[in-house]
$ cat my_file16.cif   # mmCIF, C-alpha atoms and all ligand atoms
data_model
#
loop_
_atom_site.label_atom_id
_atom_site.label_comp_id
_atom_site.auth_asym_id
_atom_site.auth_seq_id
_atom_site.Cartn_x
_atom_site.Cartn_y
_atom_site.Cartn_z
CA MET A 2 0.00 0.00 0.00
CA LEU A 3 1.25 3.45 -0.90
CA PHE A 4 -0.30 5.31 2.06
CA GLU A 5 0.07 4.85 5.81
CA LYS A 6 -2.62 2.68 7.41
CA ILE A 7 -4.97 5.21 9.05
CA GLU A 8 -8.60 4.56 10.02
CA GLU A 9 -11.62 6.85 9.77
CA ARG A 10 -11.76 7.53 13.51
CA ASP A 11 -8.17 8.82 13.36
CA VAL A 12 -9.02 11.24 10.55
CA THR A 13 -12.05 12.48 12.51
CA ARG A 14 -10.07 12.90 15.73
CA ALA A 15 -7.29 14.78 13.90
CA ILE A 16 -9.85 17.29 12.59
CA ILE A 17 -11.61 17.73 15.95
CA SER A 18 -8.41 18.09 17.88
CA GLY A 19 -6.88 20.64 15.45
CA PHE A 20 -10.04 22.75 15.38
CA MET A 21 -10.60 22.66 19.14
CA THR A 22 -7.00 23.57 19.92
CA ASP A 23 -7.14 26.64 17.66
CA PHE A 24 -10.65 27.65 18.73
CA SER A 25 -9.83 27.42 22.41
CA GLU A 26 -6.61 29.38 22.00
CA TYR A 27 -8.21 32.13 19.90
CA ALA A 28 -11.29 32.49 22.13
CA GLU A 29 -9.13 35.32 23.44
CA SER A 30 -7.12 37.13 20.75
CA ASP A 31 -5.26 40.39 20.60
CA VAL A 32 -7.13 41.45 17.47
CA ILE A 33 -10.26 40.04 15.83
CA ILE A 34 -10.71 41.04 12.20
CA VAL A 35 -14.27 40.60 10.98
CA GLY A 36 -14.32 39.97 7.22
CA GLY A 37 -11.68 38.25 5.12
CA GLY A 38 -11.80 40.62 2.14
CA PRO A 39 -8.79 42.53 0.78
CA SER A 40 -8.68 45.00 3.68
CA GLY A 41 -9.13 42.21 6.26
CA LEU A 42 -6.44 39.98 4.82
CA THR A 43 -3.99 42.87 4.51
CA ALA A 44 -4.55 43.91 8.12
CA ALA A 45 -4.17 40.26 9.19
CA LYS A 46 -0.88 39.92 7.34
CA GLU A 47 0.45 43.12 8.93
CA LEU A 48 -0.63 42.31 12.49
CA ALA A 49 0.27 38.62 12.55
CA GLY A 50 3.60 39.47 10.91
CA LYS A 51 4.40 41.53 14.01
CA GLY A 52 3.64 38.61 16.31
CA ILE A 53 0.18 39.90 17.27
CA LYS A 54 -2.38 37.16 17.96
CA THR A 55 -4.82 37.77 15.11
CA LEU A 56 -8.03 35.98 14.19
CA VAL A 57 -9.93 36.58 10.95
CA ILE A 58 -13.64 35.69 11.05
CA GLU A 59 -15.29 35.14 7.68
CA ARG A 60 -18.92 34.17 7.11
CA ASN A 61 -18.27 32.53 3.74
CA ASN A 62 -16.50 29.27 3.06
CA TYR A 63 -13.96 31.15 0.92
CA LEU A 64 -11.73 34.10 1.78
CA GLY A 65 -11.05 37.19 -0.30
CA GLY A 66 -14.40 39.01 -0.51
CA GLY A 67 -14.57 41.14 -3.66
CA PHE A 68 -10.89 40.66 -4.44
CA TRP A 69 -11.36 37.42 -6.44
CA ILE A 70 -13.38 38.85 -9.25
CA GLY A 71 -12.80 42.59 -9.47
CA GLY A 72 -15.36 44.23 -11.70
CA TYR A 73 -18.25 42.84 -13.69
CA LEU A 74 -17.27 39.14 -13.36
CA MET A 75 -14.15 39.70 -15.46
CA ASN A 76 -11.49 38.37 -13.07
CA LYS A 77 -9.29 41.44 -13.45
CA VAL A 78 -8.55 43.66 -10.50
CA THR A 79 -7.22 47.19 -10.84
CA VAL A 80 -4.96 49.00 -8.42
CA ARG A 81 -3.99 52.66 -8.56
CA ALA A 82 -0.52 53.74 -7.47
CA PRO A 83 0.78 53.41 -4.80
CA GLY A 84 -1.40 50.31 -4.11
CA GLN A 85 0.84 48.16 -6.34
CA GLU A 86 3.51 48.30 -3.63
CA LEU A 87 1.40 45.84 -1.62
CA LEU A 88 1.18 43.59 -4.69
CA ASP A 89 4.99 43.68 -4.79
CA GLU A 90 5.11 42.73 -1.11
CA ILE A 91 2.97 39.63 -1.60
CA GLY A 92 4.56 38.70 -4.93
CA ALA A 93 1.42 39.10 -7.05
CA PRO A 94 2.28 39.85 -10.70
CA TYR A 95 0.59 42.78 -12.45
CA GLU A 96 0.82 44.89 -15.59
CA GLU A 97 0.85 48.66 -15.99
CA TYR A 98 -2.19 49.60 -18.08
CA MET A 99 -1.32 53.30 -18.07
CA LYS A 100 0.76 55.52 -15.80
CA GLY A 101 -0.34 54.84 -12.21
CA LEU A 102 -3.00 52.21 -13.08
CA TYR A 103 -2.14 48.53 -12.71
CA VAL A 104 -4.07 45.36 -13.57
CA THR A 105 -3.68 42.01 -11.83
CA ASP A 106 -5.55 38.69 -12.02
CA GLY A 107 -8.03 38.46 -9.12
CA PRO A 108 -7.53 34.74 -8.38
CA HIS A 109 -3.75 35.04 -8.44
CA ALA A 110 -3.51 38.23 -6.34
CA CYS A 111 -6.17 36.97 -3.91
CA SER A 112 -4.42 33.63 -3.41
CA LYS A 113 -1.15 35.43 -2.72
CA LEU A 114 -2.83 37.71 -0.18
CA ILE A 115 -4.51 34.79 1.63
CA ALA A 116 -1.20 32.93 1.72
CA ALA A 117 0.63 36.03 3.01
CA ALA A 118 -1.87 36.41 5.89
CA CYS A 119 -1.65 32.71 6.79
CA ASP A 120 2.15 32.59 6.42
CA ALA A 121 2.39 35.58 8.78
CA GLY A 122 0.51 33.51 11.38
CA ALA A 123 -3.07 34.80 11.22
CA LYS A 124 -5.74 32.22 12.11
CA ILE A 125 -8.89 31.93 10.04
CA LEU A 126 -12.35 31.05 11.32
CA ASN A 127 -14.56 30.74 8.26
CA MET A 128 -18.23 29.76 7.86
CA THR A 129 -18.72 31.89 10.98
CA LYS A 130 -20.93 34.95 11.08
CA VAL A 131 -20.47 37.81 13.50
CA ASP A 132 -23.91 38.77 14.81
CA ASP A 133 -23.14 41.18 17.61
CA VAL A 134 -20.45 42.67 19.83
CA VAL A 135 -19.36 42.09 23.42
CA LEU A 136 -19.35 45.37 25.37
CA ARG A 137 -17.59 46.28 28.61
CA GLU A 138 -17.28 49.44 30.76
CA ASN A 139 -18.07 52.65 28.87
CA ASN A 140 -19.38 50.50 26.01
CA ARG A 141 -15.89 49.54 24.94
CA VAL A 142 -15.97 46.78 22.30
CA ALA A 143 -14.29 43.75 23.86
CA GLY A 144 -15.20 40.90 21.52
CA VAL A 145 -17.77 39.51 19.11
CA VAL A 146 -20.76 37.20 19.20
CA ILE A 147 -20.57 34.45 16.58
CA ASN A 148 -22.57 31.59 15.16
CA TRP A 149 -22.10 29.07 12.35
CA THR A 150 -23.09 30.70 9.05
CA PRO A 151 -25.58 27.90 8.13
CA ILE A 152 -27.61 28.72 11.26
CA SER A 153 -28.76 32.00 9.71
CA ALA A 154 -29.90 30.14 6.56
CA MET A 155 -32.11 27.69 8.45
CA PRO A 156 -35.86 28.17 9.04
CA ARG A 157 -36.46 30.13 12.26
CA GLU A 158 -38.55 27.40 13.87
CA ILE A 159 -35.57 25.02 13.99
CA THR A 160 -32.79 27.47 14.77
CA CYS A 161 -32.92 28.00 18.51
CA VAL A 162 -29.13 27.83 18.52
CA ASP A 163 -27.55 30.30 20.88
CA PRO A 164 -24.35 31.88 19.62
CA VAL A 165 -21.05 31.92 21.51
CA ALA A 166 -18.74 34.89 22.08
CA ILE A 167 -15.00 35.38 21.84
CA GLN A 168 -12.89 38.20 23.23
CA ALA A 169 -10.21 40.53 21.90
CA LYS A 170 -8.42 43.72 22.89
CA VAL A 171 -9.30 45.27 19.54
CA VAL A 172 -11.96 44.42 16.93
CA ILE A 173 -11.68 45.59 13.32
CA ASP A 174 -14.72 45.85 11.06
CA GLY A 175 -13.71 44.83 7.53
CA THR A 176 -17.12 43.59 6.43
CA GLY A 177 -17.36 45.81 3.33
CA HIS A 178 -20.35 47.95 2.41
CA ASP A 179 -22.57 46.44 5.12
CA ALA A 180 -20.30 47.52 8.02
CA GLU A 181 -21.85 44.74 10.07
CA VAL A 182 -19.96 45.21 13.33
CA VAL A 183 -20.65 48.94 13.30
CA SER A 184 -24.31 48.12 12.59
CA SER A 185 -24.59 46.30 15.91
CA LEU A 186 -23.61 49.56 17.66
CA VAL A 187 -26.01 51.54 15.47
CA ARG A 188 -28.85 49.19 16.52
CA ARG A 189 -28.13 50.13 20.15
CA GLY A 190 -27.97 53.86 19.44
CA LEU A 191 -24.24 53.98 20.19
CA MET A 192 -23.16 55.08 16.70
CA LYS A 193 -24.60 56.63 13.57
CA THR A 194 -23.63 55.87 9.99
CA ARG A 195 -24.23 57.88 6.85
CA GLY A 196 -24.33 55.15 4.18
CA PHE A 197 -21.79 55.08 1.34
CA GLY A 198 -22.00 57.69 -1.38
CA ALA A 199 -22.13 57.42 -5.17
CA MET A 200 -19.09 56.33 -7.13
CA TRP A 201 -16.25 58.81 -7.55
CA VAL A 202 -12.97 56.95 -7.96
CA GLU A 203 -10.71 60.00 -7.78
CA LYS A 204 -12.07 61.09 -4.39
CA SER A 205 -12.96 57.79 -2.76
CA GLU A 206 -9.67 55.98 -2.35
CA ASP A 207 -7.83 58.77 -0.53
CA ALA A 208 -10.88 59.45 1.63
CA VAL A 209 -11.26 55.81 2.71
CA VAL A 210 -7.62 55.50 3.72
CA GLU A 211 -7.67 58.87 5.55
CA HIS A 212 -10.80 57.94 7.53
CA THR A 213 -9.59 54.45 8.49
CA GLY A 214 -9.17 54.21 12.26
CA GLU A 215 -10.93 53.81 15.60
CA VAL A 216 -14.62 54.77 15.36
CA HIS A 217 -15.70 53.66 18.82
CA PRO A 218 -13.60 52.54 21.80
CA GLY A 219 -12.09 49.18 20.88
CA LEU A 220 -13.48 49.19 17.32
CA ILE A 221 -11.57 50.13 14.17
CA VAL A 222 -13.20 50.41 10.77
CA MET A 223 -11.46 49.77 7.43
CA GLY A 224 -12.13 49.09 3.74
CA MET A 225 -15.55 49.87 2.29
CA ALA A 226 -17.07 49.85 5.76
CA VAL A 227 -15.32 53.22 6.17
CA SER A 228 -17.37 54.65 3.29
CA THR A 229 -20.57 53.42 4.91
CA VAL A 230 -19.70 54.96 8.27
CA TYR A 231 -18.67 58.38 6.93
CA GLY A 232 -20.82 58.66 3.77
CA LEU A 233 -17.79 58.62 1.48
CA PRO A 234 -18.04 57.87 -2.24
CA ARG A 235 -17.67 54.26 -3.38
CA MET A 236 -14.91 53.27 -5.77
CA GLY A 237 -15.95 50.18 -7.71
CA PRO A 238 -13.39 47.59 -8.76
CA THR A 239 -10.21 49.41 -7.84
CA PHE A 240 -8.55 47.96 -4.79
CA GLY A 241 -5.50 50.03 -3.79
CA ALA A 242 -7.46 51.77 -1.02
CA MET A 243 -8.60 48.41 0.42
CA LEU A 244 -4.99 47.29 0.74
CA LEU A 245 -3.72 50.57 2.19
CA SER A 246 -6.74 50.86 4.48
CA GLY A 247 -5.93 47.38 5.83
CA LYS A 248 -2.39 48.55 6.56
CA ARG A 249 -3.61 51.67 8.28
CA ALA A 250 -6.10 49.70 10.38
CA ALA A 251 -3.28 47.41 11.49
CA SER A 252 -1.18 50.35 12.61
CA ALA A 253 -4.18 51.87 14.45
CA ALA A 254 -4.65 48.52 16.24
CA ILE A 255 -0.99 48.44 17.21
CA ASP A 256 -1.35 51.96 18.70
CA ILE A 257 -4.29 50.81 20.81
CA LEU A 258 -2.49 47.65 21.92
CA LYS A 259 0.42 49.79 23.13
O1 LIG A 301 -16.63 43.20 0.66
P1 LIG A 301 -15.21 42.91 0.94
O2 LIG A 301 -14.33 42.55 -0.20
O3 LIG A 301 -14.65 44.13 1.84
P2 LIG A 301 -13.42 45.15 1.72
O4 LIG A 301 -12.18 44.53 2.25
O5 LIG A 301 -13.23 45.36 0.14
C1 LIG A 301 -14.25 45.93 -0.65
C2 LIG A 301 -14.00 45.58 -2.09
O6 LIG A 301 -14.06 44.17 -2.26
C3 LIG A 301 -14.98 46.22 -3.08
C4 LIG A 301 -14.86 47.69 -3.32
C5 LIG A 301 -13.60 48.43 -3.32
O7 LIG A 301 -12.61 47.93 -4.04
O8 LIG A 301 -15.85 48.32 -3.55
O9 LIG A 301 -16.31 45.98 -2.61
O10 LIG A 301 -13.90 46.41 2.33
O11 LIG A 301 -15.11 41.71 2.00
C6 LIG A 301 -15.87 41.73 3.19
C7 LIG A 301 -15.88 40.32 3.76
O12 LIG A 301 -16.54 40.33 5.01
C8 LIG A 301 -17.37 39.19 5.10
C9 LIG A 301 -17.86 38.97 3.65
O13 LIG A 301 -18.29 37.64 3.44
C10 LIG A 301 -16.60 39.32 2.85
O14 LIG A 301 -15.78 38.20 2.62
N1 LIG A 301 -18.46 39.49 6.04
C11 LIG A 301 -19.47 40.39 5.88
N2 LIG A 301 -20.27 40.39 6.95
C12 LIG A 301 -19.76 39.48 7.82
C13 LIG A 301 -18.60 38.89 7.24
C14 LIG A 301 -20.16 39.01 9.13
N3 LIG A 301 -21.25 39.50 9.75
N4 LIG A 301 -19.42 38.05 9.73
C15 LIG A 301 -18.31 37.55 9.11
N5 LIG A 301 -17.90 37.94 7.85
#
$ encode --input "my_file16.cif" --output "structure tokens" --more "lines below"
Ligand code: 48F
Amino acid sequence: MLFEKIEERDVTRAIISGFMTDFSEYAESDVIIVGGGPSGLTAAKELAGKGIKTLVIERNNYLGGGFWIGGYLMNKVTVRAPGQELLDEIGAPYEEYMKGLYVTDGPHACSKLIAAACDAGAKILNMTKVDDVVLRENNRVAGVVINWTPISAMPREITCVDPVAIQAKVVIDGTGHDAEVVSSLVRRGLMKTRGFGAMWVEKSEDAVVEHTGEVHPGLIVMGMAVSTVYGLPRMGPTFGAMLLSGKRAASAAIDILK
């Protein structure tokens, strides 16, 4: 026989034991990043690369958010300078379409970014949806409430499944246009959002990066969630601001951790 003799129970136990070890350890993290899109993965790469205990929570089975496909189902992703510097960092190839505008293949760039975050040491909890936040004194965000993603797709009458919660010193909302973590504060009257504005590429990318940062004690916002919070214009399938916003969110988290 070519392969080692291993029985089904051993395979099952290997999966359970690996998952439980990670889950138990990351029930308390330094930073929880909600959303594994381009901003989330960039922030994860930056933070984990500095030895910070970082957990990315993603509701889908796959990671990468809008970074796989770019615009209009055409698998090409554009990046305006200086966003290509991040593509250089992760080793994703790209071409210059015109001065300052670069084009890369979504699947290739996205795979490189996922690998960079994982290689740096970030842990991924996918198929897990963040439903709410944990609050402490002065309404400081101190963690998130999570449940398996399939629970939210099941009929209400058979889904009396209580969620669980995990803790962190800092939470980062990278859930894209929906700004889902922020929304849980809005529901409680603790924050207000303006909703993202109409598309204006020239204005939007700078504005998103500039506004990335702490929006509520213990909570940082990045990526398109920033547009939703501040009413900034959207940008469509150009991703430089998502990458730089992820970097800026990581450095804001490091400041808080200090
Ligand atoms: O939407 P997404 O790619 O967010 P981003 O990092 O980048 C935005 C761009 O893709 C694009 C754009 C600018 O270039 O306009 O839209 O800001 O990724 C967000 C991720 O968060 C996950 C979602 O599945 C996606 O992978 N997500 C959203 N809500 C939740 C969540 C939730 N409640 N719990 C866990 N994950």
$ residues_near_ligand --input "my_file16.cif" --ligand "ligand LIG 301 (chain A)" --cutoff "8 Å" --atoms "only C-alpha atoms and all ligand atoms" --output "number ranges by chain"
A: 35-42, 58-61, 63-68, 71, 127-132, 147, 175-182, 223-227, 235-244, 247
$ residues_around --input "my_file16.cif" --residues "Met75 in chain A" --least-positions-apart "4" --cutoff "10 Å" --atoms "all atoms listed in the file" --output "list in words"
Trp69, Ile70, Gly71, Asp106 and Gly107 of chain A
$ residues_around --input "my_file16.cif" --residues "range 8-20 of chain A" --least-positions-apart "4" --cutoff "12 Å" --atoms "all atoms listed in the file" --output "list in words"
Phe4, Phe24, Ser25, Glu26, Tyr27, Ala28, Lys124, Ile125, Leu126 and Asn127 of chain A
$ closest_residue --input "my_file16.cif" --among "A:Val230, A:Val222, A:Leu186, A:Ala82" --to "Asn140 in chain A" --atoms "all atoms listed in the file"
A:Leu186
$ atom_distance --input "my_file16.cif" --atom1 "CA of Glu86 in chain A" --atom2 "CA of Lys51 in chain A"
18.9 Å
$ closest_residue --input "my_file16.cif" --among "A:Val80, A:Val142, A:Val135, A:Leu88" --to "Lys100 in chain A" --atoms "all atoms listed in the file"
A:Val80
$ atom_distance --input "my_file16.cif" --atom1 "CA of Glu203 in chain A" --atom2 "CA of Tyr95 in chain A"
21.1 Å
$ closest_residue --input "my_file16.cif" --among "A:Thr43, A:Ser252, A:Ser205, A:Ser228" --to "Ala117 in chain A" --atoms "all atoms listed in the file"
A:Thr43
$ closest_residue --input "my_file16.cif" --among "A:Tyr98, A:Gly196, A:Thr55, A:Ala143" --to "Ala166 in chain A" --atoms "all atoms listed in the file"
A:Ala143
$ closest_residue --input "my_file16.cif" --among "A:Val187, A:Val78, A:Ile152, A:Ala49" --to "Leu102 in chain A" --atoms "only C-alpha atoms"
A:Val78
$ atom_distance --input "my_file16.cif" --atom1 "CA of His109 in chain A" --atom2 "CA of Ile34 in chain A"
22.6 Å
$ closest_residue --input "my_file16.cif" --among "A:Gly198, A:Gly101, A:Gly122, A:Gly92" --to "Val57 in chain A" --atoms "only C-alpha atoms"
A:Gly122
$ residues_around --input "my_file16.cif" --residues "Asn139 in chain A" --least-positions-apart "5" --cutoff "12 Å" --atoms "all atoms listed in the file" --output "NGL selection string"
:A and (191 or 217-219)
$ residues_around --input "my_file16.cif" --residues "Ala250 in chain A" --least-positions-apart "3" --cutoff "8 Å" --atoms "only C-alpha atoms" --output "number ranges by chain"
A: 44, 173, 213-214, 221-223, 246-247, 253-254
$ decode --input "my_file16.cif" --residues "range 75-161 of chain A" --atoms "C-alpha atoms" --output "compact mmCIF listing (two decimals), in the first residue's frame"
# COMPACT_ATOMS: atom_id res chain seq x y z
CA MET A 75 -14.15 39.70 -15.46
CA ASN A 76 -11.49 38.37 -13.07
CA LYS A 77 -9.29 41.44 -13.45
CA VAL A 78 -8.55 43.66 -10.50
CA THR A 79 -7.22 47.19 -10.84
CA VAL A 80 -4.96 49.00 -8.42
CA ARG A 81 -3.99 52.66 -8.56
CA ALA A 82 -0.52 53.74 -7.47
CA PRO A 83 0.78 53.41 -4.80
CA GLY A 84 -1.40 50.31 -4.11
CA GLN A 85 0.84 48.16 -6.34
CA GLU A 86 3.51 48.30 -3.63
CA LEU A 87 1.40 45.84 -1.62
CA LEU A 88 1.18 43.59 -4.69
CA ASP A 89 4.99 43.68 -4.79
CA GLU A 90 5.11 42.73 -1.11
CA ILE A 91 2.97 39.63 -1.60
CA GLY A 92 4.56 38.70 -4.93
CA ALA A 93 1.42 39.10 -7.05
CA PRO A 94 2.28 39.85 -10.70
CA TYR A 95 0.59 42.78 -12.45
CA GLU A 96 0.82 44.89 -15.59
CA GLU A 97 0.85 48.66 -15.99
CA TYR A 98 -2.19 49.60 -18.08
CA MET A 99 -1.32 53.30 -18.07
CA LYS A 100 0.76 55.52 -15.80
CA GLY A 101 -0.34 54.84 -12.21
CA LEU A 102 -3.00 52.21 -13.08
CA TYR A 103 -2.14 48.53 -12.71
CA VAL A 104 -4.07 45.36 -13.57
CA THR A 105 -3.68 42.01 -11.83
CA ASP A 106 -5.55 38.69 -12.02
CA GLY A 107 -8.03 38.46 -9.12
CA PRO A 108 -7.53 34.74 -8.38
CA HIS A 109 -3.75 35.04 -8.44
CA ALA A 110 -3.51 38.23 -6.34
CA CYS A 111 -6.17 36.97 -3.91
CA SER A 112 -4.42 33.63 -3.41
CA LYS A 113 -1.15 35.43 -2.72
CA LEU A 114 -2.83 37.71 -0.18
CA ILE A 115 -4.51 34.79 1.63
CA ALA A 116 -1.20 32.93 1.72
CA ALA A 117 0.63 36.03 3.01
CA ALA A 118 -1.87 36.41 5.89
CA CYS A 119 -1.65 32.71 6.79
CA ASP A 120 2.15 32.59 6.42
CA ALA A 121 2.39 35.58 8.78
CA GLY A 122 0.51 33.51 11.38
CA ALA A 123 -3.07 34.80 11.22
CA LYS A 124 -5.74 32.22 12.11
CA ILE A 125 -8.89 31.93 10.04
CA LEU A 126 -12.35 31.05 11.32
CA ASN A 127 -14.56 30.74 8.26
CA MET A 128 -18.23 29.76 7.86
CA THR A 129 -18.72 31.89 10.98
CA LYS A 130 -20.93 34.95 11.08
CA VAL A 131 -20.47 37.81 13.50
CA ASP A 132 -23.91 38.77 14.81
CA ASP A 133 -23.14 41.18 17.61
CA VAL A 134 -20.45 42.67 19.83
CA VAL A 135 -19.36 42.09 23.42
CA LEU A 136 -19.35 45.37 25.37
CA ARG A 137 -17.59 46.28 28.61
CA GLU A 138 -17.28 49.44 30.76
CA ASN A 139 -18.07 52.65 28.87
CA ASN A 140 -19.38 50.50 26.01
CA ARG A 141 -15.89 49.54 24.94
CA VAL A 142 -15.97 46.78 22.30
CA ALA A 143 -14.29 43.75 23.86
CA GLY A 144 -15.20 40.90 21.52
CA VAL A 145 -17.77 39.51 19.11
CA VAL A 146 -20.76 37.20 19.20
CA ILE A 147 -20.57 34.45 16.58
CA ASN A 148 -22.57 31.59 15.16
CA TRP A 149 -22.10 29.07 12.35
CA THR A 150 -23.09 30.70 9.05
CA PRO A 151 -25.58 27.90 8.13
CA ILE A 152 -27.61 28.72 11.26
CA SER A 153 -28.76 32.00 9.71
CA ALA A 154 -29.90 30.14 6.56
CA MET A 155 -32.11 27.69 8.45
CA PRO A 156 -35.86 28.17 9.04
CA ARG A 157 -36.46 30.13 12.26
CA GLU A 158 -38.55 27.40 13.87
CA ILE A 159 -35.57 25.02 13.99
CA THR A 160 -32.79 27.47 14.77
CA CYS A 161 -32.92 28.00 18.51
